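This is input.txt. It holds compact mmCIF, C-alpha atoms (C1' of nucleotides).
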# COMPACT_ATOMS: atom_id res chain seq x y z
CA MET D 1 -63.41 40.91 -11.57
CA GLY D 2 -60.59 39.44 -13.64
CA LYS D 3 -58.85 42.81 -13.61
CA LEU D 4 -58.62 42.80 -9.84
CA ILE D 5 -57.20 39.30 -9.64
CA HIS D 6 -54.73 40.07 -12.36
CA TYR D 7 -53.69 43.16 -10.45
CA LEU D 8 -53.26 41.27 -7.19
CA LEU D 9 -51.19 38.54 -8.80
CA HIS D 10 -48.78 41.22 -9.85
CA PHE D 11 -47.81 41.66 -6.22
CA GLY D 12 -47.71 38.08 -4.99
CA GLU D 13 -48.90 34.55 -5.66
CA LEU D 14 -52.38 33.27 -4.96
CA ASN D 15 -53.67 29.78 -5.67
CA GLN D 16 -57.15 29.15 -7.04
CA GLN D 17 -58.61 28.56 -3.61
CA GLN D 18 -57.26 31.86 -2.37
CA ILE D 19 -58.55 33.63 -5.45
CA ASP D 20 -61.99 32.18 -4.73
CA LEU D 21 -61.81 33.52 -1.20
CA VAL D 22 -61.06 36.98 -2.49
CA GLN D 23 -63.85 36.82 -5.04
CA GLY D 24 -66.22 35.61 -2.36
CA LYS D 25 -65.69 38.82 -0.44
CA ALA D 26 -65.68 41.17 -3.40
CA LYS D 27 -68.80 43.24 -3.89
CA GLU D 28 -69.40 44.97 -7.19
CA VAL D 29 -70.68 48.49 -6.75
CA GLN D 30 -71.59 51.07 -9.32
CA LEU D 31 -71.16 54.74 -8.61
CA LYS D 32 -72.75 57.45 -10.70
CA LYS D 33 -70.81 60.55 -11.60
CA ASP D 34 -70.66 62.94 -8.64
CA GLU D 35 -71.66 60.33 -6.07
CA TYR D 36 -69.43 59.92 -3.06
CA PHE D 37 -67.53 56.79 -2.20
CA SER D 38 -66.57 58.16 1.19
CA GLU D 39 -67.08 61.42 3.00
CA ALA D 40 -65.21 63.74 5.31
CA GLY D 41 -66.19 63.36 8.94
CA LYS D 42 -67.06 59.70 8.58
CA ILE D 43 -64.69 56.81 9.14
CA ALA D 44 -63.74 55.11 5.89
CA ARG D 45 -64.86 51.50 6.24
CA GLN D 46 -64.40 50.36 2.67
CA VAL D 47 -61.66 49.96 0.13
CA ALA D 48 -62.44 49.94 -3.56
CA PHE D 49 -60.65 48.64 -6.59
CA ILE D 50 -61.56 50.74 -9.62
CA ASN D 51 -62.65 48.58 -12.51
CA GLU D 52 -63.88 51.43 -14.62
CA GLY D 53 -64.01 55.17 -14.18
CA ILE D 54 -62.16 57.87 -12.34
CA LEU D 55 -62.55 59.24 -8.84
CA ARG D 56 -61.05 62.20 -7.09
CA VAL D 57 -60.02 62.93 -3.52
CA CYS D 58 -60.89 66.40 -2.30
CA TYR D 59 -61.29 68.49 0.80
CA TYR D 60 -62.10 72.02 1.90
CA ASP D 61 -59.23 74.25 2.92
CA ILE D 62 -59.21 76.91 5.63
CA LYS D 63 -60.78 79.47 3.33
CA GLY D 64 -63.56 77.06 2.49
CA GLU D 65 -62.20 76.47 -0.99
CA GLU D 66 -62.68 73.00 -2.37
CA ILE D 67 -59.33 71.47 -3.27
CA THR D 68 -58.88 68.38 -5.38
CA LYS D 69 -55.87 66.49 -4.05
CA TYR D 70 -55.63 63.95 -6.82
CA PHE D 71 -57.46 61.82 -9.30
CA ILE D 72 -57.40 58.03 -9.27
CA ASP D 73 -58.20 55.99 -12.32
CA GLU D 74 -58.95 52.39 -13.08
CA ASN D 75 -56.73 49.56 -12.00
CA ASN D 76 -56.02 51.24 -8.71
CA PHE D 77 -57.31 50.93 -5.22
CA VAL D 78 -58.92 53.93 -3.62
CA VAL D 79 -59.39 54.58 0.09
CA ASP D 80 -58.73 57.26 2.65
CA LEU D 81 -55.95 55.20 4.14
CA ASP D 82 -55.41 57.29 7.22
CA SER D 83 -59.06 57.06 8.14
CA PHE D 84 -59.36 53.40 7.19
CA ASN D 85 -56.25 52.19 8.98
CA ASN D 86 -56.63 54.22 12.11
CA LYS D 87 -60.41 54.36 12.39
CA ILE D 88 -60.40 58.11 12.61
CA PRO D 89 -62.86 60.42 10.86
CA SER D 90 -61.84 61.14 7.33
CA SER D 91 -60.71 64.63 6.43
CA GLU D 92 -61.55 64.29 2.77
CA TYR D 93 -64.14 63.20 0.28
CA VAL D 94 -63.75 60.54 -2.36
CA GLN D 95 -66.07 61.29 -5.24
CA ALA D 96 -66.73 59.77 -8.66
CA VAL D 97 -65.89 62.17 -11.45
CA THR D 98 -67.22 59.72 -14.03
CA ASP D 99 -69.57 56.79 -13.69
CA CYS D 100 -67.59 54.08 -11.96
CA LYS D 101 -67.59 50.35 -11.52
CA LEU D 102 -65.93 49.43 -8.27
CA ILE D 103 -65.08 46.28 -6.42
CA VAL D 104 -65.55 46.98 -2.77
CA PHE D 105 -64.20 45.33 0.36
CA SER D 106 -65.18 46.19 3.89
CA SER D 107 -62.60 46.32 6.64
CA GLU D 108 -64.08 43.08 8.04
CA ASP D 109 -63.66 41.42 4.65
CA LEU D 110 -60.06 42.45 4.53
CA LYS D 111 -59.40 41.31 8.05
CA GLU D 112 -60.73 37.86 7.21
CA LEU D 113 -58.68 37.69 4.03
CA SER D 114 -55.68 38.70 6.05
CA LEU D 115 -56.30 35.81 8.45
CA THR D 116 -57.03 33.16 5.84
CA ILE D 117 -54.62 34.02 3.04
CA ILE D 118 -51.01 33.85 4.14
CA PRO D 119 -49.49 36.13 1.48
CA TRP D 120 -52.36 38.63 1.72
CA ASP D 121 -50.71 41.13 4.06
CA GLY D 122 -47.58 41.12 1.97
CA ILE D 123 -49.54 41.82 -1.19
CA ILE D 124 -51.53 44.61 0.42
CA SER D 125 -48.48 46.25 1.87
CA LYS D 126 -46.75 46.23 -1.53
CA ILE D 127 -49.80 47.74 -3.15
CA THR D 128 -50.05 50.37 -0.44
CA ALA D 129 -46.43 51.37 -0.82
CA LYS D 130 -46.67 51.53 -4.58
CA ALA D 131 -49.81 53.66 -4.53
CA LEU D 132 -48.39 56.14 -2.08
CA ILE D 133 -45.03 56.35 -3.82
CA GLU D 134 -46.88 57.16 -7.01
CA LYS D 135 -48.84 59.91 -5.34
CA VAL D 136 -45.72 61.53 -3.97
CA ALA D 137 -44.04 61.16 -7.35
CA ARG D 138 -46.94 62.83 -9.08
CA ILE D 139 -47.57 65.71 -6.72
CA SER D 140 -44.07 66.55 -5.66
CA PRO D 141 -42.68 67.83 -8.99
CA MET D 142 -45.74 69.99 -9.51
CA LEU D 143 -44.40 72.51 -7.02
CA SER D 144 -41.49 73.40 -9.22
CA GLU D 145 -43.41 73.41 -12.48
CA ASP D 146 -45.42 76.35 -13.71
CA ALA D 147 -49.15 76.04 -14.19
CA LYS D 148 -48.99 75.49 -17.92
CA VAL D 149 -46.65 72.53 -17.57
CA ARG D 150 -48.81 71.11 -14.80
CA TYR D 151 -51.82 71.37 -17.07
CA LEU D 152 -50.05 69.69 -19.97
CA ASN D 153 -48.94 66.87 -17.72
CA PHE D 154 -52.48 66.44 -16.54
CA LEU D 155 -53.67 66.26 -20.14
CA GLU D 156 -51.18 63.52 -20.80
CA LYS D 157 -52.18 61.49 -17.77
CA PHE D 158 -55.94 61.98 -18.04
CA PRO D 159 -56.66 62.97 -21.65
CA GLN D 160 -60.24 61.83 -21.39
CA LEU D 161 -60.96 64.00 -18.37
CA ALA D 162 -59.92 67.44 -19.48
CA ASN D 163 -63.20 68.32 -21.14
CA ARG D 164 -65.48 66.29 -18.97
CA ILE D 165 -64.95 67.75 -15.53
CA PRO D 166 -65.72 71.28 -14.38
CA LEU D 167 -62.86 73.66 -14.86
CA SER D 168 -63.04 74.63 -11.21
CA ILE D 169 -62.15 71.12 -10.10
CA LEU D 170 -59.24 70.87 -12.46
CA ALA D 171 -58.00 74.32 -11.47
CA SER D 172 -57.97 73.43 -7.78
CA TYR D 173 -55.97 70.30 -8.58
CA LEU D 174 -53.44 72.36 -10.48
CA GLY D 175 -53.25 74.92 -7.71
CA ILE D 176 -54.51 77.86 -9.75
CA THR D 177 -57.77 79.73 -10.19
CA GLN D 178 -60.36 78.84 -12.72
CA SER D 179 -59.73 82.01 -14.72
CA SER D 180 -56.03 81.36 -14.93
CA LEU D 181 -56.67 77.87 -16.20
CA SER D 182 -59.05 79.21 -18.78
CA ARG D 183 -56.36 81.57 -19.99
CA ILE D 184 -53.76 78.83 -20.10
CA ARG D 185 -56.14 76.79 -22.22
CA LYS D 186 -56.65 79.64 -24.64
CA ASN D 187 -52.93 80.16 -24.76
CA ILE D 188 -52.32 76.57 -25.80
CA ARG D 189 -54.81 76.43 -28.66
CA MET P 1 -30.88 52.99 20.15
CA GLY P 2 -33.68 53.30 22.68
CA LYS P 3 -35.42 55.79 20.43
CA LEU P 4 -35.67 53.28 17.62
CA ILE P 5 -37.10 50.54 19.80
CA HIS P 6 -39.54 52.93 21.32
CA TYR P 7 -40.59 53.97 17.84
CA LEU P 8 -41.03 50.40 16.66
CA LEU P 9 -43.10 49.44 19.69
CA HIS P 10 -45.50 52.14 18.68
CA PHE P 11 -46.50 50.03 15.69
CA GLY P 12 -46.58 46.56 17.17
CA GLU P 13 -45.43 44.37 20.01
CA LEU P 14 -41.94 42.95 20.35
CA ASN P 15 -40.66 40.83 23.20
CA GLN P 16 -37.19 41.26 24.64
CA GLN P 17 -35.72 38.50 22.48
CA GLN P 18 -37.06 40.15 19.35
CA ILE P 19 -35.77 43.51 20.46
CA ASP P 20 -32.35 41.95 20.90
CA LEU P 21 -32.52 40.59 17.37
CA VAL P 22 -33.25 44.05 16.03
CA GLN P 23 -30.47 45.60 18.04
CA GLY P 24 -28.12 42.90 16.82
CA LYS P 25 -28.64 44.03 13.25
CA ALA P 26 -28.62 47.75 13.91
CA LYS P 27 -25.47 49.61 12.92
CA GLU P 28 -24.87 53.10 14.22
CA VAL P 29 -23.60 55.43 11.55
CA GLN P 30 -22.66 59.07 11.72
CA LEU P 31 -23.08 61.34 8.78
CA LYS P 32 -21.48 64.76 8.54
CA LYS P 33 -23.41 67.68 7.11
CA ASP P 34 -23.58 67.46 3.32
CA GLU P 35 -22.57 63.80 3.15
CA TYR P 36 -24.82 61.51 1.16
CA PHE P 37 -26.72 58.61 2.62
CA SER P 38 -27.68 57.37 -0.84
CA GLU P 39 -27.18 58.62 -4.35
CA ALA P 40 -29.05 58.80 -7.62
CA GLY P 41 -28.09 56.10 -10.07
CA LYS P 42 -27.24 53.60 -7.36
CA ILE P 43 -29.59 51.08 -5.87
CA ALA P 44 -30.55 51.97 -2.32
CA ARG P 45 -29.45 49.05 -0.16
CA GLN P 46 -29.90 50.56 3.26
CA VAL P 47 -32.62 51.98 5.41
CA ALA P 48 -31.85 54.40 8.19
CA PHE P 49 -33.64 55.46 11.31
CA ILE P 50 -32.71 59.03 12.17
CA ASN P 51 -31.60 59.34 15.76
CA GLU P 52 -30.35 62.88 15.45
CA GLY P 53 -30.22 65.39 12.64
CA ILE P 54 -32.08 66.20 9.46
CA LEU P 55 -31.69 64.88 5.94
CA ARG P 56 -33.17 65.93 2.67
CA VAL P 57 -34.21 64.09 -0.47
CA CYS P 58 -33.34 65.86 -3.71
CA TYR P 59 -32.95 65.36 -7.42
CA TYR P 60 -32.14 67.28 -10.58
CA ASP P 61 -35.01 68.25 -12.83
CA ILE P 62 -35.03 68.42 -16.63
CA LYS P 63 -33.46 71.85 -16.62
CA GLY P 64 -30.66 70.63 -14.38
CA GLU P 65 -32.01 72.51 -11.39
CA GLU P 66 -31.52 70.83 -8.05
CA ILE P 67 -34.89 70.31 -6.36
CA THR P 68 -35.33 69.39 -2.72
CA LYS P 69 -38.35 67.12 -2.47
CA TYR P 70 -38.58 67.09 1.31
CA PHE P 71 -36.75 67.12 4.58
CA ILE P 72 -36.86 64.28 7.06
CA ASP P 73 -36.03 64.78 10.70
CA GLU P 74 -35.29 62.62 13.65
CA ASN P 75 -37.52 59.77 14.73
CA ASN P 76 -38.24 58.85 11.16
CA PHE P 77 -36.96 56.27 8.76
CA VAL P 78 -35.35 57.44 5.58
CA VAL P 79 -34.88 55.46 2.38
CA ASP P 80 -35.57 55.75 -1.32
CA LEU P 81 -38.33 53.22 -1.06
CA ASP P 82 -38.88 52.75 -4.76
CA SER P 83 -35.23 51.94 -5.29
CA PHE P 84 -34.94 49.85 -2.14
CA ASN P 85 -38.06 47.77 -2.68
CA ASN P 86 -37.67 47.19 -6.38
CA LYS P 87 -33.91 47.09 -6.66
CA ILE P 88 -33.90 49.76 -9.32
CA PRO P 89 -31.43 52.63 -9.54
CA SER P 90 -32.45 55.53 -7.39
CA SER P 91 -33.57 58.73 -9.04
CA GLU P 92 -32.72 60.90 -6.10
CA TYR P 93 -30.11 61.74 -3.51
CA VAL P 94 -30.48 61.53 0.25
CA GLN P 95 -28.15 64.00 1.90
CA ALA P 96 -27.50 65.13 5.45
CA VAL P 97 -28.32 68.79 5.94
CA THR P 98 -26.99 68.68 9.50
CA ASP P 99 -24.65 66.25 11.20
CA CYS P 100 -26.65 63.08 11.71
CA LYS P 101 -26.66 60.01 13.86
CA LEU P 102 -28.34 57.16 12.05
CA ILE P 103 -29.19 53.57 12.77
CA VAL P 104 -28.74 51.66 9.58
CA PHE P 105 -30.10 48.35 8.33
CA SER P 106 -29.13 46.64 5.11
CA SER P 107 -31.73 44.91 2.99
CA GLU P 108 -30.26 41.57 4.10
CA ASP P 109 -30.66 42.58 7.74
CA LEU P 110 -34.27 43.44 7.13
CA LYS P 111 -34.96 40.25 5.27
CA GLU P 112 -33.61 38.24 8.20
CA LEU P 113 -35.64 40.23 10.68
CA SER P 114 -38.66 39.65 8.51
CA LEU P 115 -38.04 35.89 8.65
CA THR P 116 -37.32 35.66 12.35
CA ILE P 117 -39.72 38.16 13.87
CA ILE P 118 -43.33 37.32 13.18
CA PRO P 119 -44.83 40.77 13.64
CA TRP P 120 -41.97 42.48 11.77
CA ASP P 121 -43.61 42.80 8.37
CA GLY P 122 -46.75 44.19 9.93
CA ILE P 123 -44.77 46.80 11.81
CA ILE P 124 -42.79 47.81 8.75
CA SER P 125 -45.84 48.08 6.59
CA LYS P 126 -47.55 50.33 9.14
CA ILE P 127 -44.49 52.53 9.34
CA THR P 128 -44.25 52.69 5.58
CA ALA P 129 -47.87 53.70 5.18
CA LYS P 130 -47.61 56.31 7.89
CA ALA P 131 -44.48 57.85 6.44
CA LEU P 132 -45.88 58.08 2.95
CA ILE P 133 -49.23 59.40 4.11
CA GLU P 134 -47.38 62.14 5.95
CA LYS P 135 -45.41 63.09 2.87
CA VAL P 136 -48.54 63.38 0.79
CA ALA P 137 -50.21 65.35 3.55
CA ARG P 138 -47.30 67.75 3.74
CA ILE P 139 -46.68 68.32 0.06
CA SER P 140 -50.18 68.24 -1.27
CA PRO P 141 -51.54 71.41 0.37
CA MET P 142 -48.47 73.37 -0.69
CA LEU P 143 -49.81 73.56 -4.22
CA SER P 144 -52.72 75.71 -3.18
CA GLU P 145 -50.79 77.91 -0.75
CA ASP P 146 -48.78 80.91 -1.79
CA ALA P 147 -45.04 80.99 -1.25
CA LYS P 148 -45.21 83.08 1.90
CA VAL P 149 -47.54 80.65 3.61
CA ARG P 150 -45.38 77.73 2.51
CA TYR P 151 -42.36 79.44 4.01
CA LEU P 152 -44.12 80.14 7.29
CA ASN P 153 -45.23 76.54 7.50
CA PHE P 154 -41.69 75.42 6.90
CA LEU P 155 -40.49 77.69 9.69
CA GLU P 156 -42.98 76.12 12.02
CA LYS P 157 -41.99 72.56 11.11
CA PHE P 158 -38.20 73.11 10.98
CA PRO P 159 -37.48 76.26 13.01
CA GLN P 160 -33.89 75.22 13.55
CA LEU P 161 -33.19 74.83 9.84
CA ALA P 162 -34.22 78.15 8.38
CA ASN P 163 -30.95 79.89 9.03
CA ARG P 164 -28.66 76.93 8.77
CA ILE P 165 -29.20 75.70 5.23
CA PRO P 166 -28.42 77.55 2.01
CA LEU P 167 -31.28 79.66 0.79
CA SER P 168 -31.14 77.96 -2.57
CA ILE P 169 -32.03 74.60 -1.07
CA LEU P 170 -34.93 75.99 0.88
CA ALA P 171 -36.18 77.90 -2.16
CA SER P 172 -36.22 74.79 -4.30
CA TYR P 173 -38.21 72.99 -1.61
CA LEU P 174 -40.74 75.80 -1.56
CA GLY P 175 -40.96 75.84 -5.33
CA ILE P 176 -39.70 79.40 -5.80
CA THR P 177 -36.43 81.08 -6.75
CA GLN P 178 -33.82 82.11 -4.27
CA SER P 179 -34.48 85.79 -4.90
CA SER P 180 -38.18 85.44 -4.29
CA LEU P 181 -37.50 83.69 -1.02
CA SER P 182 -35.10 86.42 -0.02
CA ARG P 183 -37.82 88.99 -0.68
CA ILE P 184 -40.40 87.03 1.26
CA ARG P 185 -38.00 86.92 4.18
CA LYS P 186 -37.50 90.66 4.08
CA ASN P 187 -41.21 91.14 3.82
CA ILE P 188 -41.82 89.16 7.01
CA ARG P 189 -39.30 90.95 9.21
C1' DT T 1 -88.50 76.77 -27.76
C1' DT T 2 -87.79 79.64 -24.02
C1' DT T 3 -86.15 80.23 -19.50
C1' DT T 4 -82.98 79.52 -16.00
C1' DC T 5 -78.92 78.11 -14.03
C1' DT T 6 -74.39 76.70 -14.12
C1' DT T 7 -69.95 76.89 -16.22
C1' DA T 8 -66.45 79.13 -19.03
C1' DT T 9 -64.31 83.11 -20.97
C1' DT T 10 -62.62 87.65 -20.94
C1' DG T 11 -61.33 92.46 -19.32
C1' DT T 12 -59.01 95.26 -16.05
C1' DC T 13 -55.94 96.04 -12.61
C1' DA T 14 -53.02 94.59 -8.66
C1' DA T 15 -49.91 91.45 -6.58
C1' DA T 16 -46.64 87.72 -6.80
C1' DT T 17 -42.92 85.65 -8.95
C1' DG T 18 -39.14 84.91 -12.38
C1' DG T 19 -34.91 86.25 -14.90
C1' DC T 20 -30.95 88.67 -14.90
C1' DA T 21 -27.38 91.37 -13.13
C1' DA T 22 -25.14 94.20 -9.81
C1' DG T 23 -23.97 94.90 -5.36
C1' DT T 24 -23.29 93.55 -0.47
C1' DC T 25 -22.10 90.60 3.12
C1' DC T 26 -19.71 86.78 5.07
C1' DT T 27 -16.56 83.06 5.31
C1' DT T 28 -12.43 80.85 4.07
C1' DC T 29 -7.97 80.61 2.73
C1' DC T 30 -3.56 82.51 1.90
C1' DG W 1 -4.95 91.77 7.02
C1' DG W 2 -6.12 91.03 2.17
C1' DA W 3 -7.90 88.35 -1.56
C1' DA W 4 -11.10 85.17 -3.36
C1' DG W 5 -15.22 82.73 -3.48
C1' DG W 6 -19.74 81.77 -2.15
C1' DA W 7 -24.16 83.16 -0.37
C1' DC W 8 -27.60 86.62 0.20
C1' DT W 9 -29.90 90.87 -1.09
C1' DT W 10 -31.64 94.20 -4.13
C1' DG W 11 -33.03 96.71 -8.43
C1' DC W 12 -35.29 96.55 -12.76
C1' DC W 13 -38.47 94.84 -15.79
C1' DA W 14 -41.26 91.03 -17.96
C1' DT W 15 -44.42 87.44 -17.11
C1' DT W 16 -47.60 84.87 -14.51
C1' DT W 17 -51.25 84.60 -11.55
C1' DG W 18 -54.99 86.39 -8.54
C1' DA W 19 -59.18 89.10 -7.50
C1' DC W 20 -63.27 90.77 -9.08
C1' DA W 21 -66.76 91.62 -12.30
C1' DA W 22 -69.12 91.37 -16.62
C1' DT W 23 -70.25 88.72 -20.40
C1' DA W 24 -70.76 84.62 -23.17
C1' DA W 25 -71.60 79.93 -23.80
C1' DG W 26 -73.65 75.74 -22.67
C1' DA W 27 -76.68 72.60 -20.25
C1' DA W 28 -80.72 71.58 -17.87
C1' DA W 29 -85.39 72.58 -16.82
C1' DA W 30 -89.85 74.38 -17.88
structure tokens encoding of this file:
Amino acid sequence: MGKLIHYLLHFGELNQQQIDLVQGKAKEVQLKKDEYFSEAGKIARQVAFINEGILRVCYYDIKGEEITKYFIDENNFVVDLDSFNNKIPSSEYVQAVTDCKLIVFSSEDLKELSLTIIPWDGIISKITAKALIEKVARISPMLSEDAKVRYLNFLEKFPQLANRIPLSILASYLGITQSSLSRIRKNIR
Amino acid sequence: MGKLIHYLLHFGELNQQQIDLVQGKAKEVQLKKDEYFSEAGKIARQVAFINEGILRVCYYDIKGEEITKYFIDENNFVVDLDSFNNKIPSSEYVQAVTDCKLIVFSSEDLKELSLTIIPWDGIISKITAKALIEKVARISPMLSEDAKVRYLNFLEKFPQLANRIPLSILASYLGITQSSLSRIRKNIR
DNA sequence: TTTTCTTATTGTCAAATGGCAAGTCCTTCC
DNA sequence: GGAAGGACTTGCCATTTGACAATAAGAAAA
């Protein structure tokens, strides 16, 4: 729980009473590898802070191929923001790629925190902006890199993942086929 | 100016007095094709609402190649958010690709609006989230599409641009070389 | 251990894309 | 109009990647 508070304090000030309010709402949830945190078609009603583990956001494209949009690791919030904010059915899945320990807030929890903690909205909006800016910054350059470079960058960012998730998932994240990724791997050794 | 107010009201309520406050801060600025709205290395101190025209965000990659990250068209805000929010030097350029009519706010303007208009921060944070979600939604699928599909999607989104900007700019946005784009074009005719 | 299933690698060939350079077209400027 | 410069196209060939299929390797189940 300390991790979450520490993270929040990075974006604004909270006194002890406010911290207690946050902790009062926080629910610790464990997610086993491969379990879903939220699913396409349903409205996302929870936000999670990742204490331990890594999740991924994925969807199925027109051809029915499963595409991994990105991975999210600990010390970040995860949510399908479009679904959560606008109460519309989600278009993507959020799935644990390793066992995870999450701290979960429902939308009602957050609404109450927003009403009782003055700086709350400011903190959340800073966190939101930061998270989205990071996503753009990560994905955007990938378009102009070749697959090998994209793979190497992935290795740098998620060294622990490379050999623990199916190649097919990683390949879809990198925008190539599984066979191509396998060849790139061989090429690097 | 009406466009801006109309846009803002989409994200929250403002009474006439508050609208007047916003309009009091707004500065109309014209930008000629190819002029810069903000530049890499400098801290972004302004936000613009695009009344007319299209801008692009671009940077130079490690190899010195100019890469266009994305285009932004009218009825959107444009700013290097990371630079603007955190007062750090920008890593990218924002340039007009057509003549533009902008409504510009300085960071001081926005701070004052934030202090005098209660719902202002909420409106801004909704707009920020929406804009960034859209960027992710636009860029992310491009990785798993081939260049031809990416080009066709661009044509659909910016039909008026295709023949009015240099091929090199468009190619860098699509993540391919100018020659490849030229061949794709021929192929489509 | 053996079986079974999933995941990863590899082979073959085709298609897409890049790199480079030459040529063409178009605009601008003199 | 002619010259110069920039932008676009095209040719040639190498490399990357995809599609498909067979095999190998590894993990889970019996």
Report the closest atom pair, with its distance in Å rounded to one decimal, for each residue of chain P that has an atom no farther than 7 Å from chain D; count only C-alpha atoms, sort by chain and then rising residue number, and write it as JSON lines.
{"residue": "P:Lys69", "atom": "CA", "partner": "D:Ser140", "partner_atom": "CA", "distance": 6.6}
{"residue": "P:Ser125", "atom": "CA", "partner": "D:Ser125", "partner_atom": "CA", "distance": 5.7}
{"residue": "P:Thr128", "atom": "CA", "partner": "D:Ala129", "partner_atom": "CA", "distance": 6.9}
{"residue": "P:Ala129", "atom": "CA", "partner": "D:Ala129", "partner_atom": "CA", "distance": 6.6}
{"residue": "P:Leu132", "atom": "CA", "partner": "D:Leu132", "partner_atom": "CA", "distance": 5.9}
{"residue": "P:Val136", "atom": "CA", "partner": "D:Val136", "partner_atom": "CA", "distance": 5.8}
{"residue": "P:Ile139", "atom": "CA", "partner": "D:Ser140", "partner_atom": "CA", "distance": 6.5}
{"residue": "P:Ser140", "atom": "CA", "partner": "D:Ile139", "partner_atom": "CA", "distance": 6.6}
{"residue": "P:Leu143", "atom": "CA", "partner": "D:Gly175", "partner_atom": "CA", "distance": 5.1}
{"residue": "P:Ser144", "atom": "CA", "partner": "D:Gly175", "partner_atom": "CA", "distance": 4.6}
{"residue": "P:Gly175", "atom": "CA", "partner": "D:Ser144", "partner_atom": "CA", "distance": 4.6}
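In this model, the gap between atom CA of Ser106 of chain P and atom CA of Ile43 of chain P comes to 11.9 Å.
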Would you list the residues near (-62.5, 85.7, -17.8) (no more than 6 Å away, in the coordinates of the file, using only C-alpha atoms (C1' of nucleotides)) as a list in words?
Ser179 of chain D; DT9 and DT10 of chain T
Residues of chain W within 10 Å of chain P, using all atoms listed in the file, as a PyMOL selection string?
chain W and resi 7-10
Using only C-alpha atoms (C1' of nucleotides) and a distance of at most 12 Å, pull out the residues of chain T that contact chain P, as number ranges by chain.
T: 15-20
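The gap separating atom CA of Phe105 of chain D from atom CA of Asn15 of chain D is 19.7 Å, in Å to one decimal.
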Need the shell around Ser107 of chain D: protein/DNA/RNA residues with any atom at most 12 Å away, counting all atoms listed in the file. Skip same-chain ones fewer than 4 positions apart. Format as a PyMOL selection string?
chain D and resi 25-26+43-48+79+81+83-87+111-114
Take the residues from that selection and put them in a file with C-alpha atoms, as a PDB file, in the frame of the given file.
ATOM      1  CA  LYS D  25     -65.690  38.820  -0.440  1.00  0.00           C
ATOM      2  CA  ALA D  26     -65.680  41.170  -3.400  1.00  0.00           C
ATOM      3  CA  ILE D  43     -64.690  56.810   9.140  1.00  0.00           C
ATOM      4  CA  ALA D  44     -63.740  55.110   5.890  1.00  0.00           C
ATOM      5  CA  ARG D  45     -64.860  51.500   6.240  1.00  0.00           C
ATOM      6  CA  GLN D  46     -64.400  50.360   2.670  1.00  0.00           C
ATOM      7  CA  VAL D  47     -61.660  49.960   0.130  1.00  0.00           C
ATOM      8  CA  ALA D  48     -62.440  49.940  -3.560  1.00  0.00           C
ATOM      9  CA  VAL D  79     -59.390  54.580   0.090  1.00  0.00           C
ATOM     10  CA  LEU D  81     -55.950  55.200   4.140  1.00  0.00           C
ATOM     11  CA  SER D  83     -59.060  57.060   8.140  1.00  0.00           C
ATOM     12  CA  PHE D  84     -59.360  53.400   7.190  1.00  0.00           C
ATOM     13  CA  ASN D  85     -56.250  52.190   8.980  1.00  0.00           C
ATOM     14  CA  ASN D  86     -56.630  54.220  12.110  1.00  0.00           C
ATOM     15  CA  LYS D  87     -60.410  54.360  12.390  1.00  0.00           C
ATOM     16  CA  LYS D 111     -59.400  41.310   8.050  1.00  0.00           C
ATOM     17  CA  GLU D 112     -60.730  37.860   7.210  1.00  0.00           C
ATOM     18  CA  LEU D 113     -58.680  37.690   4.030  1.00  0.00           C
ATOM     19  CA  SER D 114     -55.680  38.700   6.050  1.00  0.00           C
TER      20      SER D 114
END
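Once DC30 of chain T and its same-chain neighbours fewer than 6 positions away are set aside, DG2, DA3 and DA4 of chain W remain within 10 Å of it when counting all atoms listed in the file.
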Output of the above residues as a PDB file, in the coordinates of the input, restricted to C-alpha atoms (C1' of nucleotides):
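Saved to result-v6.pdb:
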ATOM      1  C1'  DG W   2      -6.120  91.030   2.170  1.00  0.00           C
ATOM      2  C1'  DA W   3      -7.900  88.350  -1.560  1.00  0.00           C
ATOM      3  C1'  DA W   4     -11.100  85.170  -3.360  1.00  0.00           C
TER       4       DA W   4
END
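Between atom CA of Ile103 of chain D and atom CA of Lys3 of chain D lies a distance of 10.1 Å.
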Could you give me, as a count of residues only, the residues within 9 Å of segment 31-34 of chain P, counting all atoms listed in the file and dropping anything in the same chain fewer than 3 positions from it?
10
Residue completion, segment 177-182 of chain P, N, CA and C atoms, as a PDB file, in the frame of the given file:
ATOM      1  N   THR P 177     -37.844  80.785  -6.541  1.00  0.00           N
ATOM      2  CA  THR P 177     -36.430  81.080  -6.750  1.00  0.00           C
ATOM      3  C   THR P 177     -35.834  81.637  -5.450  1.00  0.00           C
ATOM      4  N   GLN P 178     -34.534  81.606  -5.438  1.00  0.00           N
ATOM      5  CA  GLN P 178     -33.820  82.110  -4.270  1.00  0.00           C
ATOM      6  C   GLN P 178     -34.130  83.585  -4.014  1.00  0.00           C
ATOM      7  N   SER P 179     -34.199  84.365  -5.069  1.00  0.00           N
ATOM      8  CA  SER P 179     -34.480  85.790  -4.900  1.00  0.00           C
ATOM      9  C   SER P 179     -35.870  86.015  -4.314  1.00  0.00           C
ATOM     10  N   SER P 180     -36.822  85.277  -4.820  1.00  0.00           N
ATOM     11  CA  SER P 180     -38.180  85.440  -4.290  1.00  0.00           C
ATOM     12  C   SER P 180     -38.210  85.125  -2.809  1.00  0.00           C
ATOM     13  N   LEU P 181     -37.513  84.053  -2.426  1.00  0.00           N
ATOM     14  CA  LEU P 181     -37.500  83.690  -1.020  1.00  0.00           C
ATOM     15  C   LEU P 181     -36.836  84.792  -0.191  1.00  0.00           C
ATOM     16  N   SER P 182     -35.772  85.340  -0.732  1.00  0.00           N
ATOM     17  CA  SER P 182     -35.100  86.420  -0.020  1.00  0.00           C
ATOM     18  C   SER P 182     -36.061  87.593   0.207  1.00  0.00           C
TER      19      SER P 182
END
